[in-house]
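Engineer: File model33.cif follows (mmCIF, C-alpha atoms and all ligand atoms):
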data_coords
#
loop_
_atom_site.label_atom_id
_atom_site.label_comp_id
_atom_site.auth_asym_id
_atom_site.auth_seq_id
_atom_site.Cartn_x
_atom_site.Cartn_y
_atom_site.Cartn_z
CA MET V 1 -4.24 -16.01 -17.75
CA ILE V 2 -4.33 -16.08 -13.95
CA LYS V 3 -7.26 -17.87 -12.35
CA VAL V 4 -8.61 -16.72 -9.02
CA ALA V 5 -11.31 -17.75 -6.55
CA ILE V 6 -13.48 -15.84 -4.11
CA MET V 7 -14.47 -17.57 -0.85
CA GLY V 8 -17.71 -16.03 0.39
CA TYR V 9 -20.37 -14.26 -1.67
CA GLY V 10 -21.71 -11.95 1.03
CA THR V 11 -21.42 -8.19 1.03
CA VAL V 12 -17.65 -8.01 0.49
CA GLY V 13 -17.42 -11.14 -1.72
CA SER V 14 -20.08 -9.95 -4.13
CA GLY V 15 -18.27 -6.60 -4.11
CA VAL V 16 -14.97 -8.25 -5.10
CA TYR V 17 -16.78 -10.03 -7.95
CA GLU V 18 -18.29 -6.69 -9.05
CA VAL V 19 -14.98 -4.79 -8.85
CA ILE V 20 -13.18 -7.40 -10.99
CA LYS V 21 -16.02 -7.65 -13.54
CA THR V 22 -16.54 -3.86 -13.78
CA ASN V 23 -12.83 -3.02 -14.06
CA GLN V 24 -11.82 -6.21 -15.88
CA LYS V 25 -10.09 -4.44 -18.79
CA SER V 26 -8.09 -2.05 -16.65
CA ILE V 27 -7.22 -4.79 -14.14
CA ASN V 28 -5.98 -7.09 -16.93
CA LYS V 29 -3.80 -4.27 -18.24
CA LYS V 30 -2.32 -3.66 -14.81
CA VAL V 31 -1.67 -7.37 -14.19
CA GLY V 32 -0.26 -7.79 -17.69
CA GLN V 33 -2.55 -10.71 -18.43
CA GLU V 34 -6.17 -11.75 -17.86
CA LEU V 35 -7.40 -12.25 -14.28
CA GLU V 36 -10.27 -14.72 -14.45
CA ILE V 37 -12.64 -15.63 -11.63
CA LYS V 38 -12.85 -19.42 -11.83
CA TYR V 39 -14.78 -20.12 -8.61
CA VAL V 40 -16.94 -18.35 -6.07
CA LEU V 41 -17.47 -20.42 -2.92
CA ASP V 42 -20.69 -20.05 -0.96
CA LEU V 43 -23.15 -22.47 0.62
CA ARG V 44 -26.13 -20.57 -0.78
CA GLU V 45 -27.66 -20.48 -4.27
CA PHE V 46 -28.07 -17.20 -6.15
CA PRO V 47 -30.73 -17.87 -8.81
CA GLY V 48 -30.58 -15.42 -11.71
CA ASP V 49 -27.16 -14.05 -10.67
CA PRO V 50 -24.38 -14.59 -13.27
CA VAL V 51 -22.21 -15.80 -10.37
CA MET V 52 -24.07 -19.14 -10.73
CA ASP V 53 -21.74 -19.96 -13.66
CA VAL V 54 -18.75 -20.14 -11.32
CA LEU V 55 -20.46 -20.95 -8.01
CA THR V 56 -19.27 -23.93 -6.01
CA HIS V 57 -20.36 -25.20 -2.60
CA ASP V 58 -17.22 -27.26 -2.14
CA PHE V 59 -13.90 -25.79 -0.95
CA GLU V 60 -12.13 -28.92 -2.28
CA ASP V 61 -12.86 -27.69 -5.85
CA ILE V 62 -10.67 -24.66 -5.18
CA ILE V 63 -7.90 -26.33 -3.21
CA ASN V 64 -7.50 -29.17 -5.71
CA ASP V 65 -7.42 -26.91 -8.76
CA GLU V 66 -3.80 -26.10 -9.54
CA GLU V 67 -4.86 -23.39 -11.96
CA VAL V 68 -6.15 -21.25 -9.09
CA ARG V 69 -3.20 -19.10 -7.96
CA ILE V 70 -4.96 -16.41 -5.87
CA VAL V 71 -7.87 -16.70 -3.46
CA ALA V 72 -9.89 -13.90 -1.81
CA GLU V 73 -11.01 -14.96 1.68
CA VAL V 74 -13.99 -12.75 2.42
CA MET V 75 -16.00 -15.16 4.56
CA GLY V 76 -15.29 -13.41 7.87
CA GLY V 77 -15.01 -15.10 11.28
CA LEU V 78 -12.21 -17.36 12.47
CA HIS V 79 -13.51 -20.76 11.36
CA PRO V 80 -13.37 -22.19 8.79
CA ALA V 81 -11.60 -19.09 7.39
CA TYR V 82 -8.39 -19.99 9.26
CA GLU V 83 -8.30 -23.60 8.07
CA PHE V 84 -9.18 -22.64 4.48
CA THR V 85 -6.54 -19.89 4.42
CA ARG V 86 -3.84 -22.20 5.78
CA ARG V 87 -4.65 -24.87 3.25
CA CYS V 88 -4.65 -22.40 0.35
CA LEU V 89 -1.25 -20.99 1.39
CA GLU V 90 0.18 -24.48 1.90
CA ALA V 91 -1.10 -25.43 -1.56
CA GLY V 92 0.85 -22.49 -3.05
CA LYS V 93 -2.05 -20.07 -3.51
CA SER V 94 -1.80 -16.45 -2.38
CA VAL V 95 -4.64 -15.28 -0.13
CA CYS V 96 -6.08 -11.75 0.07
CA THR V 97 -8.51 -10.91 2.85
CA SER V 98 -10.67 -8.34 4.61
CA ASN V 99 -10.94 -10.58 7.69
CA LYS V 100 -9.53 -8.47 10.55
CA GLU V 101 -10.44 -11.06 13.19
CA LEU V 102 -8.30 -13.65 11.45
CA VAL V 103 -5.46 -11.21 10.70
CA ALA V 104 -5.37 -9.94 14.31
CA GLU V 105 -5.39 -13.49 15.71
CA HIS V 106 -3.17 -15.36 13.23
CA GLY V 107 -1.57 -12.68 11.01
CA ALA V 108 2.09 -13.37 11.86
CA GLU V 109 1.62 -17.14 11.55
CA LEU V 110 -0.17 -16.92 8.18
CA ILE V 111 2.45 -14.51 6.80
CA GLN V 112 5.13 -17.05 7.77
CA ILE V 113 3.24 -19.95 6.16
CA ALA V 114 2.84 -17.86 3.00
CA LYS V 115 6.57 -17.09 2.98
CA ASP V 116 7.46 -20.76 3.44
CA HIS V 117 5.41 -21.56 0.33
CA GLN V 118 6.59 -18.65 -1.85
CA VAL V 119 3.17 -16.99 -1.87
CA ASN V 120 1.61 -13.92 -0.25
CA TYR V 121 -0.93 -13.24 2.48
CA LEU V 122 -2.30 -9.73 1.95
CA PHE V 123 -4.84 -7.87 4.08
CA GLU V 124 -5.16 -4.22 3.03
CA ALA V 125 -8.94 -4.38 3.54
CA SER V 126 -8.69 -5.54 7.15
CA VAL V 127 -8.14 -2.00 8.49
CA GLY V 128 -9.89 1.15 7.30
CA GLY V 129 -11.93 -0.62 4.57
CA GLY V 130 -10.95 1.08 1.33
CA ILE V 131 -8.34 3.41 2.88
CA PRO V 132 -4.82 2.41 1.90
CA ILE V 133 -3.05 2.15 5.26
CA ILE V 134 -1.43 -1.31 5.45
CA ARG V 135 0.64 -0.83 2.30
CA PRO V 136 1.85 2.70 3.24
CA LEU V 137 2.82 1.50 6.73
CA ASN V 138 4.61 -1.50 5.30
CA SER V 139 6.40 0.18 2.44
CA SER V 140 6.23 3.97 2.00
CA LEU V 141 6.78 4.69 5.71
CA THR V 142 9.17 1.85 6.34
CA ALA V 143 12.22 4.14 6.76
CA ASP V 144 10.50 5.90 9.67
CA VAL V 145 10.16 4.86 13.26
CA ILE V 146 6.44 5.15 13.93
CA LEU V 147 5.88 7.30 17.01
CA GLU V 148 2.11 7.33 17.02
CA ILE V 149 -0.92 5.94 15.24
CA SER V 150 -4.28 7.36 16.19
CA GLY V 151 -7.46 6.78 14.37
CA ILE V 152 -11.17 6.51 14.04
CA LEU V 153 -11.23 2.90 12.91
CA ASN V 154 -14.86 1.94 13.24
CA GLY V 155 -17.51 3.32 10.90
CA THR V 156 -20.56 2.12 12.84
CA THR V 157 -19.66 3.89 16.09
CA ASN V 158 -18.50 7.01 14.26
CA TYR V 159 -21.88 7.17 12.54
CA MET V 160 -23.64 6.77 15.90
CA LEU V 161 -21.53 9.41 17.66
CA THR V 162 -22.04 11.83 14.75
CA LYS V 163 -25.83 11.33 14.98
CA MET V 164 -25.78 11.84 18.75
CA ALA V 165 -23.81 15.06 18.29
CA GLU V 166 -25.95 16.43 15.46
CA GLU V 167 -29.43 15.37 16.56
CA GLY V 168 -29.17 15.28 20.35
CA LEU V 169 -30.33 11.66 20.39
CA ASP V 170 -29.48 9.20 23.14
CA TYR V 171 -27.36 6.10 22.65
CA ASN V 172 -30.25 3.62 22.44
CA GLU V 173 -32.26 5.74 19.99
CA VAL V 174 -29.29 6.13 17.69
CA LEU V 175 -28.39 2.44 17.90
CA LYS V 176 -31.94 1.51 16.83
CA GLU V 177 -31.75 3.94 13.91
CA ALA V 178 -28.33 2.64 12.85
CA GLN V 179 -29.65 -0.93 12.98
CA ALA V 180 -32.70 0.00 10.90
CA LYS V 181 -30.43 1.55 8.28
CA GLY V 182 -28.16 -1.49 8.23
CA TYR V 183 -25.14 0.42 9.59
CA ALA V 184 -25.17 -1.42 12.92
CA GLU V 185 -25.61 -5.15 13.22
CA LEU V 186 -28.37 -6.84 15.20
CA HIS V 187 -25.63 -7.97 17.62
CA PRO V 188 -23.61 -4.74 17.63
CA GLU V 189 -21.17 -5.63 20.46
CA ALA V 190 -18.06 -5.97 18.27
CA ASP V 191 -18.51 -2.38 17.12
CA VAL V 192 -20.03 -0.59 20.13
CA GLU V 193 -17.79 -2.27 22.73
CA GLY V 194 -14.70 -1.23 20.74
CA TRP V 195 -13.54 -4.79 19.91
CA ASP V 196 -13.44 -4.13 16.14
CA ALA V 197 -11.30 -0.98 16.57
CA CYS V 198 -9.13 -2.91 19.04
CA ARG V 199 -8.29 -5.59 16.47
CA LYS V 200 -7.53 -2.95 13.86
CA ILE V 201 -5.13 -0.96 16.06
CA ALA V 202 -3.49 -4.28 17.04
CA ILE V 203 -2.86 -5.01 13.34
CA LEU V 204 -1.47 -1.52 12.69
CA THR V 205 0.81 -1.63 15.74
CA SER V 206 2.04 -5.12 14.78
CA LEU V 207 3.09 -3.70 11.41
CA ALA V 208 4.63 -0.57 12.97
CA SER V 209 6.61 -2.54 15.56
CA GLY V 210 7.26 -5.72 13.57
CA ASN V 211 6.05 -7.88 16.46
CA GLN V 212 2.79 -9.59 17.32
CA VAL V 213 0.43 -7.41 19.35
CA ASP V 214 -2.12 -9.51 21.18
CA PHE V 215 -5.39 -7.58 20.94
CA ARG V 216 -6.42 -9.09 24.29
CA ASP V 217 -3.72 -6.97 25.97
CA ILE V 218 -5.24 -3.71 24.75
CA HIS V 219 -7.25 -1.57 27.16
CA THR V 220 -10.58 -1.29 25.32
CA GLU V 221 -13.67 0.74 26.15
CA GLY V 222 -16.63 1.21 23.81
CA ILE V 223 -19.27 3.90 23.43
CA THR V 224 -22.13 2.29 25.38
CA LYS V 225 -21.79 4.65 28.35
CA ILE V 226 -21.82 7.85 26.26
CA THR V 227 -25.02 9.83 26.81
CA LYS V 228 -26.73 12.78 25.16
CA GLU V 229 -25.77 14.90 28.21
CA ASP V 230 -22.08 14.26 27.42
CA PHE V 231 -22.66 15.94 24.07
CA LEU V 232 -24.12 19.05 25.75
CA TYR V 233 -20.76 19.47 27.49
CA ALA V 234 -18.83 18.63 24.31
CA LYS V 235 -20.70 21.38 22.48
CA LYS V 236 -19.89 23.92 25.21
CA MET V 237 -16.26 22.87 25.11
CA LYS V 238 -16.22 23.04 21.27
CA ARG V 239 -15.02 19.47 21.19
CA ALA V 240 -16.16 16.26 19.49
CA ILE V 241 -16.58 12.87 21.16
CA LYS V 242 -14.92 10.16 19.08
CA LEU V 243 -14.05 6.51 19.64
CA LEU V 244 -10.27 6.76 19.33
CA ALA V 245 -7.79 3.97 18.90
CA THR V 246 -4.33 5.25 19.83
CA SER V 247 -0.95 3.62 19.86
CA ARG V 248 2.05 5.62 21.13
CA LYS V 249 5.68 4.58 21.17
CA VAL V 250 7.08 4.27 24.69
CA GLY V 251 10.70 3.11 24.77
CA ASP V 252 10.91 -0.06 22.70
CA THR V 253 7.21 -0.75 22.82
CA TYR V 254 3.81 0.90 22.41
CA CYS V 255 1.05 1.99 24.75
CA ILE V 256 -2.30 1.23 23.12
CA MET V 257 -5.80 2.22 24.11
CA VAL V 258 -9.26 2.19 22.57
CA SER V 259 -11.71 4.54 24.28
CA PRO V 260 -14.04 7.46 23.69
CA ALA V 261 -12.27 10.82 23.85
CA LEU V 262 -13.16 14.49 23.77
CA ILE V 263 -11.01 15.94 20.99
CA SER V 264 -10.42 19.58 20.12
CA ARG V 265 -11.09 21.34 16.82
CA ASP V 266 -7.35 21.39 16.17
CA ASN V 267 -7.23 17.61 16.05
CA PRO V 268 -7.35 16.41 12.41
CA LEU V 269 -9.78 13.68 13.48
CA TYR V 270 -12.34 16.28 14.65
CA MET V 271 -13.91 16.60 11.20
CA VAL V 272 -14.16 12.86 10.53
CA ASN V 273 -17.87 12.16 10.62
CA ASP V 274 -20.50 9.56 9.74
CA VAL V 275 -19.18 6.17 8.58
CA PHE V 276 -15.82 7.60 7.53
CA ASN V 277 -12.56 6.40 9.06
CA ALA V 278 -9.25 8.21 9.38
CA VAL V 279 -5.82 7.30 10.64
CA GLU V 280 -3.09 9.73 11.60
CA VAL V 281 0.41 8.29 11.54
CA VAL V 282 3.34 10.16 13.06
CA GLY V 283 6.79 9.08 11.93
CA ASN V 284 10.04 10.31 13.49
CA MET V 285 11.22 11.68 10.13
CA LEU V 286 7.96 12.20 8.24
CA GLY V 287 6.05 14.01 10.97
CA ALA V 288 2.27 13.60 10.73
CA SER V 289 0.43 12.05 7.81
CA MET V 290 -3.31 11.49 7.55
CA PHE V 291 -5.24 8.74 5.76
CA TYR V 292 -8.96 9.35 5.29
CA GLY V 293 -11.80 7.63 3.47
CA SER V 294 -14.56 5.02 3.45
CA GLY V 295 -13.74 2.74 6.33
CA ALA V 296 -16.42 0.17 5.56
CA GLY V 297 -18.97 -0.74 2.93
CA LYS V 298 -19.19 -3.20 0.07
CA LEU V 299 -17.26 -1.55 -2.76
CA PRO V 300 -14.58 0.35 -0.78
CA THR V 301 -13.65 -2.84 1.09
CA ALA V 302 -13.89 -4.95 -2.07
CA SER V 303 -11.69 -2.45 -3.91
CA ALA V 304 -8.93 -3.02 -1.33
CA VAL V 305 -9.27 -6.83 -1.60
CA ALA V 306 -9.21 -6.70 -5.41
CA GLY V 307 -6.19 -4.35 -5.24
CA ASP V 308 -4.36 -6.98 -3.19
CA MET V 309 -5.35 -9.64 -5.76
CA VAL V 310 -3.80 -7.53 -8.54
CA ASP V 311 -0.66 -7.08 -6.43
CA ALA V 312 -0.51 -10.82 -5.72
CA ALA V 313 -0.90 -11.48 -9.47
CA ARG V 314 2.01 -9.16 -10.22
CA HIS V 315 4.14 -10.94 -7.65
CA LEU V 316 3.53 -14.60 -8.52
CA GLY V 317 6.52 -16.58 -7.24
CA LYS V 318 7.85 -13.53 -5.36
CA ILE V 319 7.33 -12.66 -1.71
CA ILE V 320 6.08 -9.20 -0.74
CA THR V 321 7.97 -8.68 2.52
CA LEU V 322 5.82 -7.88 5.52
CA PHE V 323 7.51 -6.73 8.73
CA TRP V 324 5.53 -8.75 11.29
CA SER V 325 7.18 -11.54 13.30
CA PRO V 326 5.29 -13.90 15.65
CA GLU V 327 7.34 -12.71 18.64
CA LYS V 328 4.93 -11.08 21.08
CA LEU V 329 5.19 -7.36 21.87
CA GLU V 330 4.80 -6.64 25.59
CA LEU V 331 2.77 -3.43 25.69
CA ALA V 332 3.54 -0.47 27.94
CA PRO V 333 1.10 -0.22 30.87
CA VAL V 334 -1.76 2.21 30.18
CA GLU V 335 -1.75 3.11 33.89
CA GLU V 336 1.40 5.15 33.24
CA SER V 337 -0.03 7.10 30.29
CA SER V 338 -1.04 10.71 31.02
CA ARG V 339 -3.83 13.00 29.89
CA LYS V 340 -6.60 15.25 31.15
CA PHE V 341 -9.91 13.71 32.17
CA PHE V 342 -13.41 15.16 31.84
CA VAL V 343 -15.66 14.22 34.75
CA ARG V 344 -19.29 14.96 35.51
CA MET V 345 -19.98 15.46 39.24
CA LYS V 346 -22.62 16.94 41.54
CA SER V 347 -20.79 20.22 42.23
CA ALA V 348 -17.65 22.25 41.53
CA GLU V 349 -16.64 21.83 45.20
CA GLU V 350 -16.82 18.06 44.90
CA ALA V 351 -14.74 18.17 41.68
CA ARG V 352 -12.06 20.35 43.33
CA LYS V 353 -12.04 18.16 46.45
CA TYR V 354 -11.17 15.05 44.45
CA PHE V 355 -9.19 16.40 41.48
CA GLY V 356 -7.66 19.73 42.60
CA ASN V 357 -7.32 22.58 40.13
CA VAL V 358 -10.10 21.69 37.66
CA GLU V 359 -11.67 23.70 34.84
CA ILE V 360 -15.44 23.88 35.41
CA TRP V 361 -18.05 23.61 32.64
CA ASP V 362 -21.77 24.27 33.01
CA ALA V 363 -24.01 22.72 30.34
CA GLY V 364 -27.23 23.80 32.08
CA ILE V 365 -28.02 20.33 33.42
CA PRO V 366 -29.61 20.61 36.88
CA GLY V 367 -27.69 19.03 39.76
CA GLU V 368 -24.35 18.58 38.02
CA ILE V 369 -21.31 20.25 36.50
CA GLY V 370 -18.52 19.14 34.20
CA ALA V 371 -14.86 19.44 35.14
CA VAL V 372 -11.60 18.93 33.27
CA THR V 373 -8.77 17.74 35.48
CA PRO V 374 -5.10 18.71 35.17
CA VAL V 375 -2.89 16.24 33.27
CA MET V 376 -2.35 13.10 35.32
CA THR V 377 -1.62 9.43 34.77
CA GLU V 378 -4.37 6.83 34.50
CA ALA V 379 -3.19 5.41 37.83
CA GLU V 380 -3.36 8.83 39.54
CA PHE V 381 -6.82 9.41 38.11
CA ALA V 382 -8.05 6.03 39.32
CA ALA V 383 -6.67 6.71 42.83
CA LYS V 384 -8.23 10.19 43.02
CA ALA V 385 -11.57 9.00 41.61
CA GLU V 386 -11.92 6.34 44.30
CA GLY V 387 -14.91 7.26 46.42
CA ALA V 388 -15.87 10.15 44.10
CA ASP V 389 -19.44 9.98 42.88
CA LEU V 390 -18.74 10.32 39.14
CA ILE V 391 -21.77 10.72 36.88
CA GLY V 392 -19.51 10.16 33.88
CA MET V 393 -15.91 10.26 32.67
CA ILE V 394 -14.40 10.80 29.21
CA ARG V 395 -10.71 11.13 28.40
CA VAL V 396 -9.55 14.41 26.88
CA GLU V 397 -7.12 14.38 23.94
CA ASP V 398 -5.80 17.43 22.11
N1 LIG V 401 -18.10 -3.01 11.47
C1 LIG V 401 -16.97 -2.36 10.86
C2 LIG V 401 -17.15 -0.85 10.99
C3 LIG V 401 -16.86 -2.79 9.42
O1 LIG V 401 -18.22 -0.39 11.37
O2 LIG V 401 -16.20 -0.11 10.77
C4 LIG V 401 -15.55 -2.49 8.78
O3 LIG V 401 -14.49 -3.17 9.39
#
Would you write the structure of this file as structure tokens?

Structural biologist:
Amino acid sequence: MIKVAIMGYGTVGSGVYEVIKTNQKSINKKVGQELEIKYVLDLREFPGDPVMDVLTHDFEDIINDEEVRIVAEVMGGLHPAYEFTRRCLEAGKSVCTSNKELVAEHGAELIQIAKDHQVNYLFEASVGGGIPIIRPLNSSLTADVILEISGILNGTTNYMLTKMAEEGLDYNEVLKEAQAKGYAELHPEADVEGWDACRKIAILTSLASGNQVDFRDIHTEGITKITKEDFLYAKKMKRAIKLLATSRKVGDTYCIMVSPALISRDNPLYMVNDVFNAVEVVGNMLGASMFYGSGAGKLPTASAVAGDMVDAARHLGKIITLFWSPEKLELAPVEESSRKFFVRMKSAEEARKYFGNVEIWDAGIPGEIGAVTPVMTEAEFAAKAEGADLIGMIRVED
């Protein structure tokens, strides 16, 4: 019998408990012995919930119990999750997590600590919720050089952009609706400012490159400036507006950006709507491969955490190699990356004056037009846009 603990009985933690209890028989078969939840750590009480039988309020119960070999850290946030994770790994317990903040900040260090203590630190649920993407990148695609990763990595903003596109609602209306439905948090900044997607693409690029990507180095823009008028143009152009996280290989490094983009119908991410996530990975041998599914939510995320717990149970005493060293990856400057840009300006003449040979779009909005520039670098665009009275700008990706 292998005893495990779950730290945190919130949405994901209660999901992990449910996944293990519901699939107990099949999980035991796959592990080859019984996987028993010995503790659930939470400060709260849950009267009437069977979890009360294993509930503890004291982390020391878990750390001091040698029988506990695997711990799910599903508390979220950096502290005390970091300290608890370190102590578990140092005490010879494998840790499985959905905590992307912690993985993005301390992933390489925690993997090393795990290795030093012959245990594993696994984080499939930290990117794409229930979509298997960490394991494929780390194992199935490991013979490839990864040329590009591009994805819709945040469910909340994808839901909001889908609603704006389908119902013609403005940003603030859709945010209120998403909050009422529980899709967006009361403090939605991490999602709407792109920080959540930024951490996720940092994790994926760290695994693709084998070096530590500091998420603070990533050029990140959220969806707060997207308006319902932008969608009138998108419709005319037969394009979708998506919050894209892209990482492209440039020489020995990667150029990473998180920003809204107008994507064409030919782009496989075009059809990814609502809270779904998708990641397209391009390998130099494989070509393109697409991963799609529930990027958030209680059971999809919990399923990925529980999957890691099963894997950890099958590998007791053995290290699952992860290609991620603490050495920092210096990113390629985004200023040198090239693309077309969509701009909204007062007139076609103005657009031509600043950006040259543009393609003009009329969405029937009085006093303005839309224009798509020729391909140019970010630096060239910034120089040309200086002094131009832009009503809006969205990058264009094919
Ligand atoms: N807030 C995240 C999202 C949760 O909306 O995708 C999953 O990481």

Engineer: Suppose you want the space between atom CA of Ser347 of chain V and atom CA of Asp398 of chain V; what is it in Å?

Structural biologist: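 Value for the atom CA of Ser347 of chain V-atom CA of Asp398 of chain V distance: 25.2 Å.
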
Engineer: List every residue of chain V that has an atom at most 6 Å from any atom of ligand LIG 401 (chain V), and for each one report the closest atom pair and its distance in Å to one decimal, counting all atoms listed in the file, with rows sorted by chain and then by increasing residue number, as a Markdown table.

Structural biologist:
| residue | atom | partner | partner_atom | distance |
| --- | --- | --- | --- | --- |
| V:Gly129 | CA | V:LIG401 | C4 | 5.9 |
| V:Asn154 | CA | V:LIG401 | O2 | 3.5 |
| V:Gly155 | CA | V:LIG401 | O2 | 3.7 |
| V:Thr156 | CA | V:LIG401 | O1 | 3.7 |
| V:Asp191 | CA | V:LIG401 | N1 | 5.7 |
| V:Gly295 | CA | V:LIG401 | O2 | 5.8 |
| V:Ala296 | CA | V:LIG401 | C4 | 4.3 |

Engineer: Restricting the calculation to only C-alpha atoms, which member of V:Ser126, V:Thr56, V:Thr220, V:Thr85 is positioned closest to Ser303 of chain V?

Structural biologist: V:Ser126

Engineer: Taking only C-alpha atoms into account, name the residue in V:Thr157, V:Thr205, V:Ser140, V:Thr97 that is nearest to Val12 of chain V.

Structural biologist: V:Thr97

Engineer: Please report as JSON lines every residue of segment 88-190 of chain V lying within 12 Å of segment 233-236 of chain V, along with the nearest atom pair and their distance in Å (one decimal), using all atoms listed in the file.

Structural biologist:
{"residue": "V:Leu161", "atom": "CA", "partner": "V:Ala234", "partner_atom": "CA", "distance": 11.7}
{"residue": "V:Met164", "atom": "CA", "partner": "V:Ala234", "partner_atom": "CA", "distance": 11.2}
{"residue": "V:Ala165", "atom": "CA", "partner": "V:Lys235", "partner_atom": "CA", "distance": 8.2}
{"residue": "V:Glu166", "atom": "CA", "partner": "V:Lys235", "partner_atom": "CA", "distance": 10.1}
{"residue": "V:Gly168", "atom": "CA", "partner": "V:Lys235", "partner_atom": "CA", "distance": 10.7}

Engineer: For Ile20 of chain V, please output as an MDAnalysis selection string all residues within 10 Å (counting all atoms listed in the file; exclusion window: fewer than 2 positions along the same chain).

Structural biologist: chainID V and resid 15:18 22:28 35:37 302:303 306:307 309:310
